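Q: Provided herewith: query_33.tsv, TSV, C-alpha atoms.
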```tsv
chain	number	residue	atom	x	y	z
A	1	MET	CA	-78.12	224.41	62.05
A	2	ARG	CA	-79.12	227.86	60.75
A	3	GLY	CA	-77.11	229.81	58.19
A	4	VAL	CA	-77.54	233.18	56.47
A	5	VAL	CA	-77.54	233.08	52.65
A	6	PHE	CA	-77.72	236.06	50.31
A	7	THR	CA	-80.51	235.68	47.74
A	8	GLY	CA	-80.02	238.83	45.67
A	9	GLU	CA	-80.96	242.51	45.58
A	10	SER	CA	-80.45	243.21	49.29
A	11	LYS	CA	-82.39	240.17	50.43
A	12	LEU	CA	-81.32	237.15	52.44
A	13	GLU	CA	-82.69	233.96	53.96
A	14	ILE	CA	-81.95	232.07	57.13
A	15	LYS	CA	-81.82	228.47	55.94
A	16	GLU	CA	-81.44	225.13	57.66
A	17	PHE	CA	-78.24	223.17	56.92
A	18	PRO	CA	-76.98	219.84	58.25
A	19	ASP	CA	-74.73	220.14	61.28
A	20	PRO	CA	-71.11	219.79	60.07
A	21	ALA	CA	-69.02	216.70	60.83
A	22	PRO	CA	-65.22	217.06	60.79
A	23	GLY	CA	-62.99	215.00	58.54
A	24	PRO	CA	-59.23	214.50	59.07
A	25	GLY	CA	-57.52	217.76	59.98
A	26	GLN	CA	-60.81	219.60	60.40
A	27	VAL	CA	-62.49	221.39	63.29
A	28	VAL	CA	-66.11	222.29	64.09
A	29	VAL	CA	-66.45	225.74	65.63
A	30	LYS	CA	-69.53	226.76	67.60
A	31	MET	CA	-70.06	230.37	66.64
A	32	ARG	CA	-70.10	232.91	69.45
A	33	SER	CA	-69.77	236.08	67.36
A	34	SER	CA	-69.62	236.88	63.64
A	35	GLY	CA	-68.92	240.32	62.17
A	36	LEU	CA	-70.40	242.12	59.18
A	37	CYS	CA	-67.80	243.53	56.79
A	38	GLY	CA	-68.07	246.22	54.14
A	39	SER	CA	-67.08	243.64	51.53
A	40	ASP	CA	-70.28	241.72	52.42
A	41	LEU	CA	-72.34	244.52	50.92
A	42	ARG	CA	-71.32	243.80	47.34
A	43	PRO	CA	-72.78	240.25	47.31
A	44	TYR	CA	-75.68	241.39	49.52
A	45	ARG	CA	-76.64	243.99	46.90
A	46	SER	CA	-75.92	241.75	43.88
A	47	THR	CA	-78.56	240.06	41.77
A	48	ALA	CA	-79.24	236.33	42.07
A	49	GLU	CA	-77.64	235.88	38.65
A	50	GLN	CA	-74.49	237.66	39.78
A	51	LEU	CA	-74.36	235.59	42.97
A	52	GLY	CA	-74.44	232.28	41.09
A	53	PRO	CA	-73.02	229.49	43.31
A	54	ARG	CA	-72.97	231.83	46.30
A	55	LEU	CA	-76.74	231.40	46.53
A	56	GLN	CA	-75.97	228.07	48.25
A	57	ILE	CA	-73.12	229.29	50.47
A	58	ILE	CA	-73.42	230.60	54.03
A	59	SER	CA	-72.16	234.17	54.27
A	60	GLY	CA	-69.78	235.66	56.81
A	61	HIS	CA	-65.99	235.83	56.96
A	62	GLU	CA	-65.38	237.24	60.46
A	63	PRO	CA	-66.03	234.17	62.64
A	64	CYS	CA	-65.08	233.78	66.27
A	65	GLY	CA	-66.12	230.98	68.57
A	66	GLU	CA	-65.35	227.83	70.49
A	67	VAL	CA	-63.98	224.49	69.25
A	68	VAL	CA	-66.59	221.79	69.89
A	69	GLU	CA	-65.45	218.83	67.75
A	70	LEU	CA	-62.19	217.62	66.22
A	71	GLY	CA	-61.42	215.39	63.25
A	72	GLN	CA	-58.54	212.93	63.16
A	73	ASP	CA	-54.95	214.17	63.45
A	74	VAL	CA	-55.81	217.61	64.84
A	75	THR	CA	-53.14	218.66	67.34
A	76	ASN	CA	-53.00	222.48	67.32
A	77	VAL	CA	-56.37	223.03	69.04
A	78	LYS	CA	-58.54	221.14	71.50
A	79	VAL	CA	-62.23	221.06	72.38
A	80	GLY	CA	-63.12	224.15	74.41
A	81	ASP	CA	-60.49	226.44	72.89
A	82	ARG	CA	-61.58	230.01	72.15
A	83	ILE	CA	-60.50	230.77	68.59
A	84	MET	CA	-60.64	233.26	65.76
A	85	VAL	CA	-60.89	231.91	62.22
A	86	HIS	CA	-58.47	233.02	59.51
A	87	HIS	CA	-61.02	232.67	56.73
A	88	TYR	CA	-58.83	231.12	54.03
A	89	SER	CA	-57.71	227.61	53.14
A	90	GLY	CA	-54.94	226.59	50.76
A	91	CYS	CA	-52.46	223.93	49.73
A	92	GLN	CA	-50.36	224.28	52.92
A	93	MET	CA	-47.25	223.55	50.87
A	94	CYS	CA	-46.38	226.83	49.11
A	95	GLU	CA	-44.33	229.64	50.64
A	96	PHE	CA	-47.45	231.71	51.32
A	97	CYS	CA	-49.34	228.99	53.18
A	98	GLN	CA	-46.22	228.09	55.14
A	99	THR	CA	-45.91	231.66	56.43
A	100	GLY	CA	-49.59	232.09	57.30
A	101	TRP	CA	-50.54	234.08	54.17
A	102	THR	CA	-52.96	231.45	52.88
A	103	GLN	CA	-54.99	234.00	50.92
A	104	LEU	CA	-52.01	234.38	48.58
A	105	CYS	CA	-51.93	230.66	47.73
A	106	GLN	CA	-52.05	230.21	43.95
A	107	SER	CA	-53.21	226.59	43.98
A	108	GLU	CA	-56.61	225.13	43.14
A	109	TYR	CA	-57.09	224.46	46.87
A	110	GLN	CA	-57.32	228.13	47.83
A	111	LYS	CA	-60.76	229.10	49.17
A	112	VAL	CA	-62.26	232.14	50.86
A	113	TYR	CA	-64.78	231.15	53.52
A	114	GLY	CA	-68.05	233.04	53.30
A	115	SER	CA	-67.91	233.08	49.50
A	116	GLY	CA	-66.17	229.92	48.24
A	117	ALA	CA	-67.03	227.80	51.29
A	118	HIS	CA	-69.56	228.07	54.12
A	119	GLY	CA	-68.83	231.06	56.36
A	120	GLY	CA	-69.46	232.17	59.90
A	121	ASN	CA	-73.01	233.55	59.81
A	122	ALA	CA	-74.23	230.21	61.13
A	123	ASP	CA	-74.54	228.29	64.37
A	124	TYR	CA	-71.49	226.17	63.46
A	125	GLU	CA	-68.66	226.36	60.96
A	126	LEU	CA	-66.44	223.61	59.61
A	127	VAL	CA	-62.84	224.78	59.08
A	128	GLU	CA	-59.38	223.35	58.56
A	129	ASP	CA	-57.37	223.14	61.78
A	130	TYR	CA	-54.66	225.54	60.54
A	131	MET	CA	-57.30	228.26	60.12
A	132	CYS	CA	-57.77	228.43	63.91
A	133	VAL	CA	-55.96	231.19	65.81
A	134	GLN	CA	-56.08	231.20	69.60
A	135	LEU	CA	-58.11	234.01	71.17
A	136	HIS	CA	-56.66	235.52	74.33
A	137	GLU	CA	-58.99	235.38	77.35
A	138	GLY	CA	-58.73	239.16	77.60
A	139	VAL	CA	-60.41	239.63	74.19
A	140	SER	CA	-64.17	239.14	73.91
A	141	PHE	CA	-65.68	237.00	71.17
A	142	GLU	CA	-67.15	240.05	69.43
A	143	GLU	CA	-63.79	241.82	69.53
A	144	GLY	CA	-62.25	238.63	68.11
A	145	ALA	CA	-64.78	238.72	65.28
A	146	ALA	CA	-63.80	242.30	64.47
A	147	ILE	CA	-60.11	241.38	64.51
A	148	SER	CA	-60.82	238.42	62.18
A	149	CYS	CA	-61.19	240.74	59.18
A	150	GLY	CA	-61.97	244.46	59.35
A	151	THR	CA	-59.81	245.46	62.30
A	152	GLY	CA	-57.07	243.02	61.36
A	153	THR	CA	-57.01	244.45	57.84
A	154	ALA	CA	-56.58	247.97	59.22
A	155	TYR	CA	-53.83	246.83	61.59
A	156	GLN	CA	-51.80	245.18	58.85
A	157	ALA	CA	-52.13	248.32	56.69
A	158	LEU	CA	-50.88	250.48	59.58
A	159	ARG	CA	-47.95	248.08	60.05
A	160	ARG	CA	-47.06	248.47	56.38
A	161	LEU	CA	-47.26	252.24	56.80
A	162	ASP	CA	-45.09	251.98	59.94
A	163	VAL	CA	-47.40	254.39	61.77
A	164	SER	CA	-46.11	255.92	65.00
A	165	GLY	CA	-46.49	258.93	67.25
A	166	ARG	CA	-44.40	260.98	64.81
A	167	ASP	CA	-47.10	260.83	62.17
A	168	VAL	CA	-50.17	262.63	60.99
A	169	LEU	CA	-52.31	259.83	59.54
A	170	ALA	CA	-55.24	260.59	57.21
A	171	VAL	CA	-57.83	257.80	56.94
A	172	PHE	CA	-60.27	258.08	54.04
A	173	GLY	CA	-63.56	256.29	54.74
A	174	GLN	CA	-64.85	255.52	58.24
A	175	GLY	CA	-66.64	252.24	57.66
A	176	PRO	CA	-65.53	249.29	59.82
A	177	VAL	CA	-62.02	249.09	58.29
A	178	GLY	CA	-61.42	252.84	58.18
A	179	LEU	CA	-62.81	253.36	61.69
A	180	SER	CA	-60.49	250.58	62.90
A	181	GLY	CA	-57.61	252.38	61.19
A	182	THR	CA	-58.53	255.61	62.97
A	183	PHE	CA	-58.93	253.86	66.34
A	184	LEU	CA	-55.72	251.82	66.12
A	185	GLY	CA	-53.73	254.68	64.59
A	186	ALA	CA	-54.69	256.91	67.51
A	187	HIS	CA	-53.60	254.19	69.95
A	188	MET	CA	-50.27	253.98	68.10
A	189	GLY	CA	-49.80	257.67	68.91
A	190	ALA	CA	-50.55	259.23	65.52
A	191	ARG	CA	-52.66	262.36	65.06
A	192	VAL	CA	-55.46	260.98	62.89
A	193	ILE	CA	-57.52	262.93	60.36
A	194	ALA	CA	-60.75	261.05	59.59
A	195	VAL	CA	-62.38	261.73	56.21
A	196	ASP	CA	-66.00	260.69	55.55
A	197	PRO	CA	-69.12	262.37	54.15
A	198	VAL	CA	-71.46	260.74	56.71
A	199	PRO	CA	-71.83	262.81	59.90
A	200	GLU	CA	-72.57	259.77	62.09
A	201	ARG	CA	-69.34	258.15	61.00
A	202	ARG	CA	-67.30	261.32	61.50
A	203	LYS	CA	-68.70	261.51	65.04
A	204	LEU	CA	-67.77	257.86	65.64
A	205	ALA	CA	-64.24	258.58	64.39
A	206	GLU	CA	-63.90	261.52	66.76
A	207	ASP	CA	-65.17	259.39	69.64
A	208	CYS	CA	-62.58	256.75	68.69
A	209	GLY	CA	-59.64	259.14	68.85
A	210	ALA	CA	-59.55	261.16	65.61
A	211	TRP	CA	-57.66	264.45	66.01
A	212	LYS	CA	-59.66	266.13	63.23
A	213	SER	CA	-62.44	265.09	60.86
A	214	ILE	CA	-63.28	266.28	57.36
A	215	ASP	CA	-66.53	266.26	55.40
A	216	PRO	CA	-65.33	265.84	51.78
A	217	ASN	CA	-68.69	267.12	50.51
A	218	ALA	CA	-68.17	270.43	52.29
A	219	VAL	CA	-64.49	271.10	51.59
A	220	ASN	CA	-61.73	269.83	49.31
A	221	PRO	CA	-60.16	267.14	51.51
A	222	VAL	CA	-56.71	267.45	49.95
A	223	GLU	CA	-56.60	271.19	50.55
A	224	ALA	CA	-58.00	270.74	54.06
A	225	ILE	CA	-55.31	268.20	54.99
A	226	TYR	CA	-52.55	270.47	53.72
A	227	GLU	CA	-54.02	273.35	55.71
A	228	MET	CA	-54.24	271.25	58.88
A	229	THR	CA	-50.61	270.17	58.53
A	230	GLY	CA	-49.02	273.55	57.86
A	231	GLY	CA	-48.77	272.91	54.13
A	232	ARG	CA	-46.83	269.65	54.44
A	233	GLY	CA	-49.55	267.02	53.92
A	234	ALA	CA	-50.14	263.85	55.90
A	235	ASP	CA	-47.15	261.64	56.71
A	236	ALA	CA	-49.24	258.55	55.98
A	237	THR	CA	-52.62	258.01	54.34
A	238	LEU	CA	-54.98	255.05	54.19
A	239	ASP	CA	-57.82	254.56	51.72
A	240	ALA	CA	-60.55	252.21	52.96
A	241	THR	CA	-63.18	253.09	50.34
A	242	GLY	CA	-62.14	251.56	47.01
A	243	ILE	CA	-63.51	254.67	45.27
A	244	GLY	CA	-61.24	256.00	42.54
A	245	GLU	CA	-61.53	259.71	43.33
A	246	VAL	CA	-61.09	259.07	47.04
A	247	ARG	CA	-58.03	256.90	46.45
A	248	ALA	CA	-56.49	259.65	44.34
A	249	ASN	CA	-57.24	262.22	47.05
A	250	ALA	CA	-55.55	260.03	49.65
A	251	ILE	CA	-52.41	259.84	47.55
A	252	ARG	CA	-52.41	263.54	46.66
A	253	SER	CA	-52.81	264.56	50.30
A	254	THR	CA	-49.67	262.62	51.27
A	255	ARG	CA	-46.57	264.70	51.97
A	256	ILE	CA	-43.27	264.50	50.06
A	257	TRP	CA	-41.46	261.31	51.16
A	258	GLY	CA	-44.78	260.13	52.65
A	259	ARG	CA	-46.49	256.73	52.57
A	260	ALA	CA	-49.91	255.82	51.19
A	261	CYS	CA	-51.75	252.51	51.48
A	262	LEU	CA	-54.79	251.16	49.63
A	263	VAL	CA	-57.03	248.56	51.28
A	264	GLY	CA	-60.48	249.36	49.81
A	265	GLU	CA	-61.35	246.66	47.26
A	266	GLY	CA	-62.54	247.05	43.66
A	267	GLY	CA	-62.91	250.16	41.54
A	268	THR	CA	-60.30	251.98	39.51
A	269	MET	CA	-58.01	254.99	39.97
A	270	ASN	CA	-56.69	257.76	37.73
A	271	LEU	CA	-53.44	259.48	38.66
A	272	GLU	CA	-50.59	261.26	36.96
A	273	PRO	CA	-47.57	259.20	38.03
A	274	SER	CA	-44.96	261.95	37.74
A	275	PRO	CA	-46.56	264.80	39.77
A	276	ASP	CA	-48.64	262.57	42.04
A	277	ILE	CA	-46.12	259.87	42.96
A	278	ILE	CA	-42.66	260.01	41.37
A	279	HIS	CA	-41.81	263.68	41.90
A	280	ARG	CA	-43.00	263.50	45.51
A	281	GLN	CA	-40.96	260.38	46.32
A	282	LEU	CA	-44.03	258.54	47.66
A	283	SER	CA	-44.09	254.95	48.89
A	284	LEU	CA	-47.34	253.37	47.70
A	285	PHE	CA	-48.57	250.14	49.30
A	286	GLY	CA	-51.37	247.70	48.66
A	287	SER	CA	-52.47	245.64	51.65
A	288	TRP	CA	-54.83	242.65	51.60
A	289	THR	CA	-56.02	241.42	55.01
A	290	PHE	CA	-53.34	239.74	57.18
A	291	SER	CA	-51.58	236.50	58.05
A	292	THR	CA	-52.36	234.13	60.90
A	293	VAL	CA	-49.24	235.48	62.65
A	294	ILE	CA	-50.49	239.08	62.38
A	295	LEU	CA	-53.95	238.01	63.58
A	296	GLN	CA	-52.40	236.59	66.75
A	297	GLU	CA	-50.14	239.60	67.14
A	298	LEU	CA	-53.06	242.03	67.03
A	299	ALA	CA	-55.08	240.10	69.62
A	300	ASN	CA	-52.07	240.08	71.95
A	301	TRP	CA	-51.42	243.79	71.31
A	302	ILE	CA	-55.02	244.64	72.25
A	303	VAL	CA	-54.63	242.81	75.57
A	304	GLU	CA	-51.13	244.02	76.44
A	305	ARG	CA	-52.14	247.68	76.02
A	306	ASP	CA	-55.65	247.27	77.45
A	307	ILE	CA	-57.15	248.79	74.29
A	308	PRO	CA	-60.98	249.06	74.40
A	309	LEU	CA	-61.68	247.60	70.97
A	310	HIS	CA	-65.35	247.19	71.90
A	311	SER	CA	-65.61	250.97	71.34
A	312	ILE	CA	-65.89	250.47	67.57
A	313	ILE	CA	-68.84	248.03	67.90
A	314	THR	CA	-72.08	249.98	67.70
A	315	ASP	CA	-74.77	247.37	66.97
A	316	ARG	CA	-75.34	243.77	68.05
A	317	PHE	CA	-77.93	241.31	66.72
A	318	THR	CA	-78.91	237.69	67.11
A	319	LEU	CA	-78.83	235.56	63.97
A	320	ASP	CA	-82.62	235.53	63.60
A	321	LYS	CA	-82.41	239.33	63.12
A	322	ALA	CA	-80.05	239.01	60.15
A	323	GLU	CA	-82.33	240.90	57.77
A	324	GLU	CA	-82.57	243.83	60.17
A	325	ALA	CA	-78.81	243.77	60.77
A	326	PHE	CA	-77.86	243.90	57.09
A	327	LYS	CA	-80.45	246.57	56.34
A	328	LEU	CA	-79.00	248.79	59.07
A	329	PHE	CA	-75.40	248.08	58.08
A	330	SER	CA	-76.14	248.77	54.43
A	331	GLY	CA	-77.28	252.28	55.39
A	332	GLY	CA	-73.67	253.28	55.99
A	333	THR	CA	-74.06	255.07	59.33
A	334	THR	CA	-72.88	252.43	61.83
A	335	GLY	CA	-69.59	251.34	63.25
A	336	LYS	CA	-68.91	247.62	63.57
A	337	VAL	CA	-72.01	245.38	63.49
A	338	VAL	CA	-71.90	241.83	64.84
A	339	PHE	CA	-74.07	238.77	65.37
A	340	ASN	CA	-73.75	237.38	68.90
A	341	TRP	CA	-74.95	233.99	70.12
A	342	ASP	CA	-74.78	234.78	73.86
```
I need this file expressed as structure tokens, please.
A:
Amino acid sequence: MRGVVFTGESKLEIKEFPDPAPGPGQVVVKMRSSGLCGSDLRPYRSTAEQLGPRLQIISGHEPCGEVVELGQDVTNVKVGDRIMVHHYSGCQMCEFCQTGWTQLCQSEYQKVYGSGAHGGNADYELVEDYMCVQLHEGVSFEEGAAISCGTGTAYQALRRLDVSGRDVLAVFGQGPVGLSGTFLGAHMGARVIAVDPVPERRKLAEDCGAWKSIDPNAVNPVEAIYEMTGGRGADATLDATGIGEVRANAIRSTRIWGRACLVGEGGTMNLEPSPDIIHRQLSLFGSWTFSTVILQELANWIVERDIPLHSIITDRFTLDKAEEAFKLFSGGTTGKVVFNWD
């Protein structure tokens, strides 16, 4: 089978790997769609030395496909099932694994697929059976791939923020996670302010339901949000960038008694706790992806409300065009980008 491997400094190779064979409790998934995530860009842009063991590992952590082979003792899925992959494995004994939050497992068995084990940018993927989440017939494979990380991450963050139609929600960064936050927040009834310096991404946000958009290079985004909200600030804010200054702006643009959530990975942040958080009675959340339960909940929610999630997908490629796909995605002007097999 073919698999995409990062080789360093914004280069990759499509290599041949043996077709996987399932052991006890394992499942082989034929890939039908696999999404590109903003967190892929860090290893993609890294040097070969920084990549280390990842030079031998198939990339991709947003897999969606069809079960084609089962190992012994697999009972929760069957051949032919349409599934999303929750891209983590763990001990399956701790409280986190037992509640579907396998990424929080503290044991030596915890792995992230696409970095610590072969991921979904391949014709097939070998996964543990408990990583499989049923995909509703009303959700396409490419929508399932989006849900499997970027859109699911945004959804869980909005759940933590308890976003509703009462809220003004400011979303900082309109990459795949931030755009998903804007799109889902609008469908939850919130008035969404989308913040991004890239005009193409601001336009995408507006097309996906943003009430207002802000170019932070043209105006002070904190001042602009206060002006748009009659001096109150946003009820809820979401940072999807991981950039220190942007994170701080998200928090400072949140109203008194408001809620702020950080999902962008890496980086640092400088704040003054008393004026920025304590004296404004803020609730500050960190949110890291989602559980298997939340993954299923989001897929069902999309179907029940007939939400056109395909609207956030702007570019589709076949696996043999992986170099072209990552080059485009790295440019920072697209919405969701996926590999499709059909």
Q: Please list as a PyMOL selection string every residue within 12 Å of Glu297 (chain A), counting all atoms listed in the file and excluding residues in the same chain fewer than 4 positions away.
A: chain A and resi 133-136+147-148+152+155-156+159+290-293+301-304
Q: Within 8 Å of Val192 (chain A), counting only C-alpha atoms, which residues show up once you throw out same-chain ones fewer than 5 positions away? Write them as a PDB file with C-alpha atoms, in the coordinates of the input, please.
A:
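Contents of result08.pdb, freshly written:
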```pdb
ATOM      1  CA  VAL A 168     -50.170 262.630  60.990  1.00  0.00           C
ATOM      2  CA  LEU A 169     -52.310 259.830  59.540  1.00  0.00           C
ATOM      3  CA  ALA A 170     -55.240 260.590  57.210  1.00  0.00           C
ATOM      4  CA  VAL A 171     -57.830 257.800  56.940  1.00  0.00           C
ATOM      5  CA  THR A 182     -58.530 255.610  62.970  1.00  0.00           C
ATOM      6  CA  GLY A 185     -53.730 254.680  64.590  1.00  0.00           C
ATOM      7  CA  ALA A 186     -54.690 256.910  67.510  1.00  0.00           C
ATOM      8  CA  GLY A 209     -59.640 259.140  68.850  1.00  0.00           C
ATOM      9  CA  ALA A 210     -59.550 261.160  65.610  1.00  0.00           C
ATOM     10  CA  TRP A 211     -57.660 264.450  66.010  1.00  0.00           C
ATOM     11  CA  LYS A 212     -59.660 266.130  63.230  1.00  0.00           C
TER      12      LYS A 212
END
```
Q: Need to verify the contact set: Asn340 (chain A), 12 Å, all atoms listed in the file, exclusion of same-chain residues closer than 3 positions in sequence. Can you return it as number ranges by chain?
A: A: 30-36, 62-65, 120-123, 140-146, 313, 315-322, 325, 337
Q: Tell me, in Å to one decimal, how far CA of Pro43 (chain A) is from CA of Ala117 (chain A).
A: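 Answer for the CA of Pro43 (chain A) to CA of Ala117 (chain A) separation: 14.3 Å.
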Q: Which residues are near Phe96 (chain A)? Cut-off 12 Å, all atoms listed in the file, ignore same chain within fewer than 4 positions. Put them as a PyMOL selection string.
A: chain A and resi 88-92+100-107+110+290-292
Q: Nearest to Gly244 (chain A): which of A:Cys261, A:Val5, A:Ile312, A:Leu271 is it, counting only C-alpha atoms?
A: A:Leu271
Q: Under the rule that only C-alpha atoms are counted, which of A:Gly264, A:Gly332, A:Gly71, A:Pro53 is the nearest residue to Trp288 (chain A)?
A: A:Gly264
Q: Just the residues within 12 Å of Pro197 (chain A), please, counting all atoms listed in the file, with nothing from its chain fewer than 3 positions along; format it as a PyMOL selection string.
A: chain A and resi 172-175+194+200-203+205+213-221+241+246+332-333
Q: I need the chosen residues saved as a short mmCIF file (atom, residue, chain, number, x, y, z; two decimals), in the coordinates of the input, with C-alpha atoms.
A:
```cif
data_model
loop_
_atom_site.label_atom_id
_atom_site.label_comp_id
_atom_site.auth_asym_id
_atom_site.auth_seq_id
_atom_site.Cartn_x
_atom_site.Cartn_y
_atom_site.Cartn_z
CA PHE A 172 -60.27 258.08 54.04
CA GLY A 173 -63.56 256.29 54.74
CA GLN A 174 -64.85 255.52 58.24
CA GLY A 175 -66.64 252.24 57.66
CA ALA A 194 -60.75 261.05 59.59
CA GLU A 200 -72.57 259.77 62.09
CA ARG A 201 -69.34 258.15 61.00
CA ARG A 202 -67.30 261.32 61.50
CA LYS A 203 -68.70 261.51 65.04
CA ALA A 205 -64.24 258.58 64.39
CA SER A 213 -62.44 265.09 60.86
CA ILE A 214 -63.28 266.28 57.36
CA ASP A 215 -66.53 266.26 55.40
CA PRO A 216 -65.33 265.84 51.78
CA ASN A 217 -68.69 267.12 50.51
CA ALA A 218 -68.17 270.43 52.29
CA VAL A 219 -64.49 271.10 51.59
CA ASN A 220 -61.73 269.83 49.31
CA PRO A 221 -60.16 267.14 51.51
CA THR A 241 -63.18 253.09 50.34
CA VAL A 246 -61.09 259.07 47.04
CA GLY A 332 -73.67 253.28 55.99
CA THR A 333 -74.06 255.07 59.33
#
```
Q: Taking all atoms listed in the file into account, which of A:Leu284, A:Val29, A:Val163, A:Met131 comes nearest Cys97 (chain A)?
A: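 Once distances to Cys97 (chain A) are computed over all atoms listed in the file, the minimum belongs to A:Met131.
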Q: Please determine, counting only C-alpha atoms, which residue among A:Ser311, A:Thr7, A:Ser283, A:Ser274 has the shortest atom-to-atom distance to Leu161 (chain A).
A: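 The closest residue to Leu161 (chain A) is A:Ser283.
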Q: Please measure the separation of CA of Leu184 (chain A) and CA of Glu223 (chain A), giving the value in Å to one decimal.
A: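 Answer for the CA of Leu184 (chain A) to CA of Glu223 (chain A) separation: 24.9 Å.
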Q: Could you tell me which of A:Val195, A:Thr254, A:Leu238, A:Val68 comes closest to Arg82 (chain A) if we count all atoms listed in the file?
A: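 Of all the options, A:Val68 lies closest to Arg82 (chain A).
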Q: Could you check how far CA of Asp19 (chain A) sits from CA of Glu324 (chain A), in Å to one decimal?
A: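 Straight-line distance from CA of Asp19 (chain A) to CA of Glu324 (chain A) works out to 25.0 Å.
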Q: With distances taken over all atoms listed in the file, which of A:His87, A:Lys78, A:Lys11, A:Arg166 is nearest to Leu51 (chain A)?
A: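 Of all the options, A:Lys11 lies closest to Leu51 (chain A).
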Q: Given the point (-82.2, 241.3, 46.4) in the coordinates of this file, which residues lie within 7 Å, counting only C-alpha atoms, and how would they look as a PDB file with C-alpha atoms, keeping the file's coordinate frame?
A:
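Now in selection-v1.pdb:
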```pdb
ATOM      1  CA  THR A   7     -80.510 235.680  47.740  1.00  0.00           C
ATOM      2  CA  GLY A   8     -80.020 238.830  45.670  1.00  0.00           C
ATOM      3  CA  GLU A   9     -80.960 242.510  45.580  1.00  0.00           C
ATOM      4  CA  SER A  10     -80.450 243.210  49.290  1.00  0.00           C
ATOM      5  CA  LYS A  11     -82.390 240.170  50.430  1.00  0.00           C
ATOM      6  CA  ARG A  45     -76.640 243.990  46.900  1.00  0.00           C
ATOM      7  CA  SER A  46     -75.920 241.750  43.880  1.00  0.00           C
ATOM      8  CA  THR A  47     -78.560 240.060  41.770  1.00  0.00           C
TER       9      THR A  47
END
```
Q: Residues proximal to (-56.8, 221.2, 60.9) were defined as those with any atom within 8 Å of that point in the file's coordinates, counting only C-alpha atoms. Which are they, as a PyMOL selection string?
A: chain A and resi 24-27+71+73-76+127-132
Q: Reconstruct N, CA and C atoms of region 36-49 of chain A; output as a compact mmCIF listing (two decimals), in the coordinates of the input.
A:
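Contents of the output file out-v3.txt:
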```txt
# COMPACT_ATOMS: atom_id res chain seq x y z
N LEU A 36 -70.03 241.69 60.53
CA LEU A 36 -70.40 242.12 59.18
C LEU A 36 -69.29 243.02 58.66
N CYS A 37 -68.91 242.81 57.41
CA CYS A 37 -67.80 243.53 56.79
C CYS A 37 -68.31 244.31 55.59
N GLY A 38 -67.67 245.44 55.30
CA GLY A 38 -68.07 246.22 54.14
C GLY A 38 -68.05 245.43 52.85
N SER A 39 -67.14 244.46 52.75
CA SER A 39 -67.08 243.64 51.53
C SER A 39 -68.27 242.70 51.41
N ASP A 40 -69.05 242.51 52.51
CA ASP A 40 -70.28 241.72 52.42
C ASP A 40 -71.36 242.44 51.62
N LEU A 41 -71.26 243.76 51.54
CA LEU A 41 -72.34 244.52 50.92
C LEU A 41 -72.40 244.33 49.41
N ARG A 42 -71.28 244.04 48.79
CA ARG A 42 -71.32 243.80 47.34
C ARG A 42 -72.15 242.57 46.99
N PRO A 43 -71.90 241.39 47.61
CA PRO A 43 -72.78 240.25 47.31
C PRO A 43 -74.20 240.46 47.83
N TYR A 44 -74.34 241.12 48.96
CA TYR A 44 -75.68 241.39 49.52
C TYR A 44 -76.53 242.18 48.53
N ARG A 45 -75.91 243.13 47.84
CA ARG A 45 -76.64 243.99 46.90
C ARG A 45 -76.67 243.43 45.48
N SER A 46 -75.97 242.33 45.23
CA SER A 46 -75.92 241.75 43.88
C SER A 46 -77.24 241.09 43.51
N THR A 47 -77.40 240.82 42.22
CA THR A 47 -78.56 240.06 41.77
C THR A 47 -78.31 238.57 41.99
N ALA A 48 -79.38 237.78 41.93
CA ALA A 48 -79.24 236.33 42.07
C ALA A 48 -78.35 235.78 40.97
N GLU A 49 -78.47 236.33 39.77
CA GLU A 49 -77.64 235.88 38.65
C GLU A 49 -76.17 236.16 38.92
```
